[in-house]
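Novice: Sharing a structure below in structure tokens format, with a few things to ask.
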Amino acid sequence: METGRSSCKTRIEDHPILDFPARKEVTFTWEGQELRGYEGEPIAAALHAAGIKVLHTSHKSKRPRGFFCAIGNCSSCLVVVNGVPNVRACTEKLREGMRVQRQEGTGPAPRSRE
Amino acid sequence: MRRTADAVVIGGGVTGASVAYNLLKLGMRDVVLCEKATFCNGSTGRCGAGVREQWGSKGNCLLAKASIDMFEQLADELNYPHDLEFKQKGYLMLAHTEKEWAQFQKNVQLQNSLGIKSRLCTPEEAREIVPALNTEGMLGATFNGRDGHANPFHVTRAYLTAAERMGADINYFTEVTGIEVSGGKVKAVVTKKGVIETPIVINAAGPWAKPVAEMVGVKLPLFTQRHQILVTEPVGWLLDPMVMSFSIGIYCQQTPHGSLIMGIGDPHEPKGYDIGHSWEFLRDMSRIITRLLPALKDVRVVRQWSGLYTVTPDAHPILGGVPGIDGYLQAVGFSGHGFMLAPAVGQIIAEMALGKVTFLDVRNLDVGRFERGEYNVEPSVV
């Protein structure tokens, strides 16, 4: 599969009516690679800013899936965060040190917390 | 819709679909099926999708075993282009009480004597089969690898499309409102879309079997009862078999798609036709299942729904005709396990309709058994 990366800049820095206050920069990993993003922004936003668009692959045909509904509804952007599958990249907030991985299909089996 | 038929099947669930297909397969030419809504609208499309041979009575064991034999060939036989999602990864039945454990030992003995290769397991062996299982408080389990899962919608659709190819006239949104009987013989079926003349009518109306039987003056000892169920988001592989407990009253299975289907029997559920759903179910189900399978704690529920069991006094179906009404047959009262018995039941009812000897002797499953007092209650139901 293609890497799902593009070099096009996707962050909007100046906007006619919206302000973007300064936020704290944090480090996280995508597929083991260190990346930087802003704390509290959706994981998907940080990944898109880094040019990463393939976040998930479909169950049956393993087709690329990515950011789609943006409101946690459609299951297109599911990623594995710190080993936990089915995390919605569009609504989950980015935190320092998160290990984010592309989810292949259903991802790893859920594990007991006990 | 045709106005004459060799047989009219009432009900577009899996039982009616299987009966219609088997009538044509055995040589009947003009088969009409009437369904008041659309296919799988009653209990079939709402069921837990399990198939198992591990029963506590000879009658249920033999019907289920013959059905699993048929499920194994079904996609080929019906020439169905889609996956029936038939998987045979077993049923693991958990025993948490002494009474249950004693019953399981009897069940396995009976099952083995009928050629069903179920076996008793220690809690450790059960954990080897389902590593995610919490075996605390468990006395043992039984396991049978031939049991499993199939998709009720695909199975029903497979029967219906095969029947249609062979010439069946399948009518949806065609509610039956009466059955004309004269001189002790079935003459016609009256529907909201007209009358169909027929010498044979088969009542496969699921939860509505009782009102249909009343159209020919037959009183069936049936009641309907809501059973609730839910499905989770698809997750990675967690368990192969259906995990089931009668004393706790639950079942849980991971479908080939990865989602988990689970349900719980509520002994206080009133009789009736309510198919709403409740938050109490969601609460109780979550509490119980996360105790048995702690890994499910973070798994999201996608949907909950309910369907009706149509229950007989002995939790065995009522199969066959009734004395004094020539041409009336019924396949009703499956008590929560109609889907898994449908392949064998379809053939049996078709054989009866055509006056053949049935491949399994089900004379003791007639409706008269209740008046005669000749019945034993199936012990292993949720």
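Chain identifiers are assigned as A, B, and so on, following the order in which chains appear in the structure tokens; residues are numbered from 1 within each chain, and ligands are numbered from 1 in order of appearance.
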Using only C-alpha atoms, determine which residues lie at most 9 Å from Pro152 (chain B), disregarding the query and same-chain residues fewer than 4 positions distant; provide the list as a short mmCIF file (atom, residue, chain, number, x, y, z; two decimals) with N, CA and C atoms, in the first residue's frame.

Specialist:
```cif
data_model
loop_
_atom_site.label_atom_id
_atom_site.label_comp_id
_atom_site.auth_asym_id
_atom_site.auth_seq_id
_atom_site.Cartn_x
_atom_site.Cartn_y
_atom_site.Cartn_z
N VAL B 14 -36.84 -18.30 8.71
CA VAL B 14 -36.00 -19.38 8.21
C VAL B 14 -36.79 -20.69 8.10
N CYS B 40 -37.30 -12.60 7.35
CA CYS B 40 -36.53 -12.44 8.59
C CYS B 40 -37.07 -11.36 9.51
N THR B 44 -36.38 -14.84 13.27
CA THR B 44 -35.13 -15.25 12.62
C THR B 44 -34.11 -14.11 12.57
N GLY B 45 -34.56 -12.96 12.10
CA GLY B 45 -33.64 -11.84 11.91
C GLY B 45 -33.21 -11.18 13.19
N ARG B 46 -33.71 -11.64 14.31
CA ARG B 46 -33.38 -11.03 15.60
C ARG B 46 -32.62 -11.99 16.48
N CYS B 47 -32.33 -13.17 15.97
CA CYS B 47 -31.84 -14.23 16.86
C CYS B 47 -30.34 -14.13 17.09
N GLY B 48 -29.84 -14.97 17.97
CA GLY B 48 -28.43 -14.96 18.36
C GLY B 48 -27.51 -15.68 17.39
N ALA B 49 -28.08 -16.30 16.36
CA ALA B 49 -27.31 -16.86 15.24
C ALA B 49 -26.46 -18.07 15.61
N LEU B 84 -22.41 -17.81 3.88
CA LEU B 84 -23.44 -18.00 4.92
C LEU B 84 -22.88 -17.73 6.31
N THR B 156 -31.60 -17.67 5.40
CA THR B 156 -32.99 -17.53 4.96
C THR B 156 -33.06 -17.10 3.50
N ARG B 157 -32.24 -16.12 3.17
CA ARG B 157 -32.19 -15.62 1.79
C ARG B 157 -31.76 -16.74 0.83
N PHE B 339 -33.89 -21.28 14.55
CA PHE B 339 -32.93 -21.08 13.46
C PHE B 339 -32.06 -22.31 13.25
#
```

Novice: DSSP on the backbone: which residues in region 13-192 of chain B end up as strand (DSSP E or B)? Give the answer as a VMD selection string.

Specialist: chain B and resid 31 to 34 50 to 51 87 91 to 95 119 to 121 140 to 144 148 to 149 169 to 171 176 to 182 185 to 191

Novice: Restricting it to N, CA and C atoms, dump the selection as a CSV table (one decimal), in the first residue's frame.

Specialist:
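Below you can see part_19.csv, which holds the result:
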```
chain,number,residue,atom,x,y,z
B,31,VAL,N,-45.6,-23.9,-5.2
B,31,VAL,CA,-45.5,-23.5,-3.8
B,31,VAL,C,-45.6,-22.0,-3.6
B,32,VAL,N,-46.5,-21.6,-2.8
B,32,VAL,CA,-46.6,-20.1,-2.5
B,32,VAL,C,-46.3,-19.9,-1.1
B,33,LEU,N,-45.5,-18.8,-0.9
B,33,LEU,CA,-45.1,-18.4,0.5
B,33,LEU,C,-45.7,-17.0,0.8
B,34,CYS,N,-46.4,-16.9,1.9
B,34,CYS,CA,-47.0,-15.6,2.3
B,34,CYS,C,-46.3,-15.1,3.6
B,50,GLY,N,-26.8,-18.7,16.7
B,50,GLY,CA,-26.0,-19.9,17.1
B,50,GLY,C,-26.6,-21.2,16.6
B,51,VAL,N,-25.8,-22.2,16.4
B,51,VAL,CA,-26.2,-23.5,16.0
B,51,VAL,C,-25.5,-24.5,16.9
B,87,LYS,N,-19.7,-21.1,10.7
B,87,LYS,CA,-18.4,-21.5,11.3
B,87,LYS,C,-18.6,-22.5,12.3
B,91,TYR,N,-19.4,-24.7,20.9
B,91,TYR,CA,-20.1,-24.1,22.0
B,91,TYR,C,-19.4,-24.6,23.3
B,92,LEU,N,-19.1,-23.6,24.1
B,92,LEU,CA,-18.6,-24.0,25.4
B,92,LEU,C,-19.7,-23.6,26.4
B,93,MET,N,-20.2,-24.7,27.1
B,93,MET,CA,-21.3,-24.5,28.1
B,93,MET,C,-20.7,-24.5,29.5
B,94,LEU,N,-20.9,-23.5,30.2
B,94,LEU,CA,-20.3,-23.4,31.5
B,94,LEU,C,-21.2,-23.9,32.6
B,95,ALA,N,-20.7,-24.6,33.6
B,95,ALA,CA,-21.4,-25.0,34.7
B,95,ALA,C,-20.9,-24.3,36.0
B,119,ARG,N,-17.9,-33.1,25.0
B,119,ARG,CA,-17.1,-33.7,26.0
B,119,ARG,C,-17.1,-32.8,27.2
B,120,LEU,N,-16.8,-33.4,28.4
B,120,LEU,CA,-16.7,-32.6,29.6
B,120,LEU,C,-15.3,-32.0,29.7
B,121,CYS,N,-15.3,-30.8,30.2
B,121,CYS,CA,-14.0,-30.1,30.4
B,121,CYS,C,-13.8,-29.6,31.8
B,140,GLY,N,-17.0,-26.6,35.8
B,140,GLY,CA,-16.6,-27.4,34.6
B,140,GLY,C,-17.4,-26.8,33.4
B,141,ALA,N,-17.2,-27.5,32.3
B,141,ALA,CA,-17.9,-27.0,31.1
B,141,ALA,C,-18.1,-28.2,30.2
B,142,THR,N,-18.9,-28.1,29.2
B,142,THR,CA,-18.9,-29.0,28.1
B,142,THR,C,-18.6,-28.3,26.8
B,143,PHE,N,-18.0,-29.1,25.9
B,143,PHE,CA,-17.6,-28.5,24.6
B,143,PHE,C,-17.9,-29.4,23.4
B,144,ASN,N,-18.4,-28.8,22.3
B,144,ASN,CA,-18.6,-29.6,21.1
B,144,ASN,C,-18.2,-28.8,19.9
B,148,GLY,N,-21.7,-24.0,16.4
B,148,GLY,CA,-21.1,-22.8,15.9
B,148,GLY,C,-22.1,-21.7,15.6
B,149,HIS,N,-21.9,-21.1,14.5
B,149,HIS,CA,-22.6,-19.9,14.1
B,149,HIS,C,-23.0,-19.9,12.6
B,169,ASP,N,-43.5,-19.0,-5.5
B,169,ASP,CA,-44.1,-17.7,-5.5
B,169,ASP,C,-44.0,-17.1,-4.1
B,170,ILE,N,-43.0,-16.2,-3.9
B,170,ILE,CA,-42.7,-15.6,-2.6
B,170,ILE,C,-43.4,-14.3,-2.5
B,171,ASN,N,-44.3,-14.1,-1.5
B,171,ASN,CA,-45.0,-12.8,-1.4
B,171,ASN,C,-44.8,-12.2,-0.1
B,176,VAL,N,-51.7,-13.2,6.0
B,176,VAL,CA,-52.8,-14.2,6.0
B,176,VAL,C,-53.9,-13.8,7.0
B,177,THR,N,-55.1,-13.8,6.6
B,177,THR,CA,-56.2,-13.4,7.6
B,177,THR,C,-57.1,-14.5,7.9
B,178,GLY,N,-57.1,-15.6,7.1
B,178,GLY,CA,-57.9,-16.7,7.3
B,178,GLY,C,-57.5,-18.0,6.6
B,179,ILE,N,-58.0,-19.1,7.1
B,179,ILE,CA,-57.8,-20.4,6.4
B,179,ILE,C,-59.1,-21.0,6.2
B,180,GLU,N,-59.5,-21.4,5.0
B,180,GLU,CA,-60.8,-22.0,4.8
B,180,GLU,C,-60.7,-23.5,4.8
B,181,VAL,N,-61.5,-24.1,5.7
B,181,VAL,CA,-61.5,-25.5,5.9
B,181,VAL,C,-63.0,-26.0,5.6
B,182,SER,N,-63.1,-27.1,4.9
B,182,SER,CA,-64.5,-27.6,4.6
B,182,SER,C,-64.4,-29.1,4.6
B,185,LYS,N,-61.1,-30.6,5.5
B,185,LYS,CA,-60.0,-30.5,4.6
B,185,LYS,C,-59.7,-29.0,4.4
B,186,VAL,N,-58.4,-28.7,4.3
B,186,VAL,CA,-58.0,-27.3,4.0
B,186,VAL,C,-58.4,-27.0,2.5
B,187,LYS,N,-59.0,-25.9,2.3
B,187,LYS,CA,-59.4,-25.5,0.9
B,187,LYS,C,-58.7,-24.3,0.4
B,188,ALA,N,-58.5,-23.3,1.2
B,188,ALA,CA,-57.9,-22.1,0.7
B,188,ALA,C,-57.3,-21.2,1.8
B,189,VAL,N,-56.4,-20.4,1.5
B,189,VAL,CA,-55.8,-19.4,2.4
B,189,VAL,C,-56.2,-18.0,2.0
B,190,VAL,N,-56.7,-17.3,2.9
B,190,VAL,CA,-57.2,-15.9,2.6
B,190,VAL,C,-56.1,-14.9,3.1
B,191,THR,N,-55.7,-14.1,2.1
B,191,THR,CA,-54.7,-13.1,2.5
B,191,THR,C,-55.3,-11.7,2.2
```

Novice: Please run DSSP on the backbone and report, as an mmCIF file with N, CA and C atoms, in the first residue's frame, all residues within chain A that come out as helix (DSSP H, G or I).

Specialist:
```cif
data_model
loop_
_atom_site.group_PDB
_atom_site.id
_atom_site.type_symbol
_atom_site.label_atom_id
_atom_site.label_comp_id
_atom_site.auth_asym_id
_atom_site.auth_seq_id
_atom_site.Cartn_x
_atom_site.Cartn_y
_atom_site.Cartn_z
ATOM 1 N N ILE A 43 -6.016 13.765 17.258
ATOM 2 C CA ILE A 43 -4.872 13.014 16.734
ATOM 3 C C ILE A 43 -4.847 13.132 15.217
ATOM 4 N N ALA A 44 -6.023 13.073 14.615
ATOM 5 C CA ALA A 44 -6.113 13.128 13.151
ATOM 6 C C ALA A 44 -5.537 14.432 12.611
ATOM 7 N N ALA A 45 -5.719 15.547 13.351
ATOM 8 C CA ALA A 45 -5.213 16.838 12.884
ATOM 9 C C ALA A 45 -3.692 16.829 12.855
ATOM 10 N N ALA A 46 -3.100 16.281 13.911
ATOM 11 C CA ALA A 46 -1.639 16.223 13.970
ATOM 12 C C ALA A 46 -1.096 15.327 12.867
ATOM 13 N N LEU A 47 -1.782 14.214 12.615
ATOM 14 C CA LEU A 47 -1.328 13.292 11.573
ATOM 15 C C LEU A 47 -1.470 13.929 10.194
ATOM 16 N N HIS A 48 -2.576 14.600 9.965
ATOM 17 C CA HIS A 48 -2.766 15.258 8.672
ATOM 18 C C HIS A 48 -1.711 16.327 8.445
ATOM 19 N N ALA A 49 -1.411 17.075 9.511
ATOM 20 C CA ALA A 49 -0.404 18.125 9.391
ATOM 21 C C ALA A 49 0.947 17.536 9.016
#
```

Novice: Dump as JSON lines the rows for residues of chain A within 9 Å of chain B: closest atom pair and distance in Å with one decimal, only C-alpha atoms counted, ordered by chain and rising residue number.

Specialist:
```
{"residue": "A:His59", "atom": "CA", "partner": "B:His257", "partner_atom": "CA", "distance": 8.2}
{"residue": "A:Lys60", "atom": "CA", "partner": "B:His257", "partner_atom": "CA", "distance": 8.9}
{"residue": "A:Val84", "atom": "CA", "partner": "B:Asp298", "partner_atom": "CA", "distance": 8.9}
{"residue": "A:Pro85", "atom": "CA", "partner": "B:Val235", "partner_atom": "CA", "distance": 7.9}
{"residue": "A:Asn86", "atom": "CA", "partner": "B:Val235", "partner_atom": "CA", "distance": 8.0}
{"residue": "A:Gly105", "atom": "CA", "partner": "B:Gly236", "partner_atom": "CA", "distance": 8.3}
{"residue": "A:Thr106", "atom": "CA", "partner": "B:Val235", "partner_atom": "CA", "distance": 4.9}
{"residue": "A:Gly107", "atom": "CA", "partner": "B:Gly236", "partner_atom": "CA", "distance": 5.5}
{"residue": "A:Pro108", "atom": "CA", "partner": "B:Gly236", "partner_atom": "CA", "distance": 5.0}
{"residue": "A:Ala109", "atom": "CA", "partner": "B:Gly236", "partner_atom": "CA", "distance": 3.9}
{"residue": "A:Pro110", "atom": "CA", "partner": "B:Ala295", "partner_atom": "CA", "distance": 5.7}
{"residue": "A:Arg111", "atom": "CA", "partner": "B:Ala295", "partner_atom": "CA", "distance": 4.6}
{"residue": "A:Ser112", "atom": "CA", "partner": "B:Ala295", "partner_atom": "CA", "distance": 3.8}
{"residue": "A:Arg113", "atom": "CA", "partner": "B:Ala295", "partner_atom": "CA", "distance": 6.9}
{"residue": "A:Glu114", "atom": "CA", "partner": "B:Pro294", "partner_atom": "CA", "distance": 7.5}
```

Novice: Identify, on the basis of only C-alpha atoms, every residue whose closest approach to Val377 (chain B) does not exceed 8 Å; exclude the query and any residue fewer than 4 positions from it along the same chain; express the result as a ChimeraX atom specification.

Specialist: /B:313-316

Novice: Please produce an output containing N, CA and C atoms for each residue in the selection, written as an mmCIF file, in the first residue's frame.

Specialist:
```
data_model
loop_
_atom_site.group_PDB
_atom_site.id
_atom_site.type_symbol
_atom_site.label_atom_id
_atom_site.label_comp_id
_atom_site.auth_asym_id
_atom_site.auth_seq_id
_atom_site.Cartn_x
_atom_site.Cartn_y
_atom_site.Cartn_z
ATOM 1 N N PRO B 313 -44.604 -25.679 26.357
ATOM 2 C CA PRO B 313 -44.412 -26.111 27.749
ATOM 3 C C PRO B 313 -43.152 -26.951 27.967
ATOM 4 N N ASP B 314 -42.623 -27.594 26.908
ATOM 5 C CA ASP B 314 -41.441 -28.441 27.094
ATOM 6 C C ASP B 314 -40.204 -27.945 26.344
ATOM 7 N N ALA B 315 -40.285 -26.728 25.778
ATOM 8 C CA ALA B 315 -39.171 -26.144 25.019
ATOM 9 C C ALA B 315 -38.731 -27.013 23.837
ATOM 10 N N HIS B 316 -39.662 -27.792 23.311
ATOM 11 C CA HIS B 316 -39.451 -28.501 22.046
ATOM 12 C C HIS B 316 -40.461 -27.944 21.047
#
```

Novice: Quick one: residues within 10 Å of Glu34 (chain A), only C-alpha atoms, excluding same-chain residues fewer than 4 positions away - as an MDAnalysis selection string?

Specialist: chainID A and resid 27:30 97:99

Novice: Using C-alpha atoms, can you write the selected residues to a file as a PDB file, in the first residue's frame?

Specialist:
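Below you can see result.pdb, which holds the result:
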```pdb
ATOM      1  CA  THR A  27       5.874  14.676  20.857  1.00  0.00           C
ATOM      2  CA  PHE A  28       4.125  11.453  19.885  1.00  0.00           C
ATOM      3  CA  THR A  29       4.906   8.511  17.633  1.00  0.00           C
ATOM      4  CA  TRP A  30       3.239   7.268  14.473  1.00  0.00           C
ATOM      5  CA  GLY A  97       4.096  10.498  24.375  1.00  0.00           C
ATOM      6  CA  MET A  98       1.135   8.795  22.697  1.00  0.00           C
ATOM      7  CA  ARG A  99       2.013   5.730  20.650  1.00  0.00           C
TER       8      ARG A  99
END
```

Novice: Ranking B:Arg226, B:Thr255, B:Leu114, B:Ile264 by minimum distance to His277 (chain B) and counting only C-alpha atoms, which one comes first?

Specialist: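 Using only C-alpha atoms, the shortest distance to His277 (chain B) belongs to B:Arg226.
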
Novice: Find the spatial neighbours of Leu23 (chain B), counting only C-alpha atoms, within a cut-off of 9 Å - ignore same-chain residues fewer than 5 positions away - and output them as a list in words.

Specialist: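 Here the answer would be Ala7, Ser18, Met28, Arg29, Val31, Ala163, Gly346, Gln347, Ile349, Ala350, Glu351, Ala353 and Leu354 of chain B.
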
Novice: For Glu39 (chain A), find every residue with an atom within 8 Å (counting only C-alpha atoms), except residues of its own chain fewer than 4 positions away, and show them as a list of chain:residue names.

Specialist: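 Residues meeting the cut-off are A:Arg23, A:Lys24, A:Glu25, A:Val26, A:Lys93, A:Leu94, A:Arg95, A:Glu96.
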
Novice: Find the residues around Gly137 (chain B) up to 12 Å (only C-alpha atoms counted), leave out those fewer than 4 positions away in its own chain, and share them as a count of residues only.

Specialist: 12

Novice: Could you please determine the separation between CA of Ile10 (chain B) and CA of Gly336 (chain B) in Å, to one decimal place?

Specialist: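 Those two atoms sit 19.0 Å apart.
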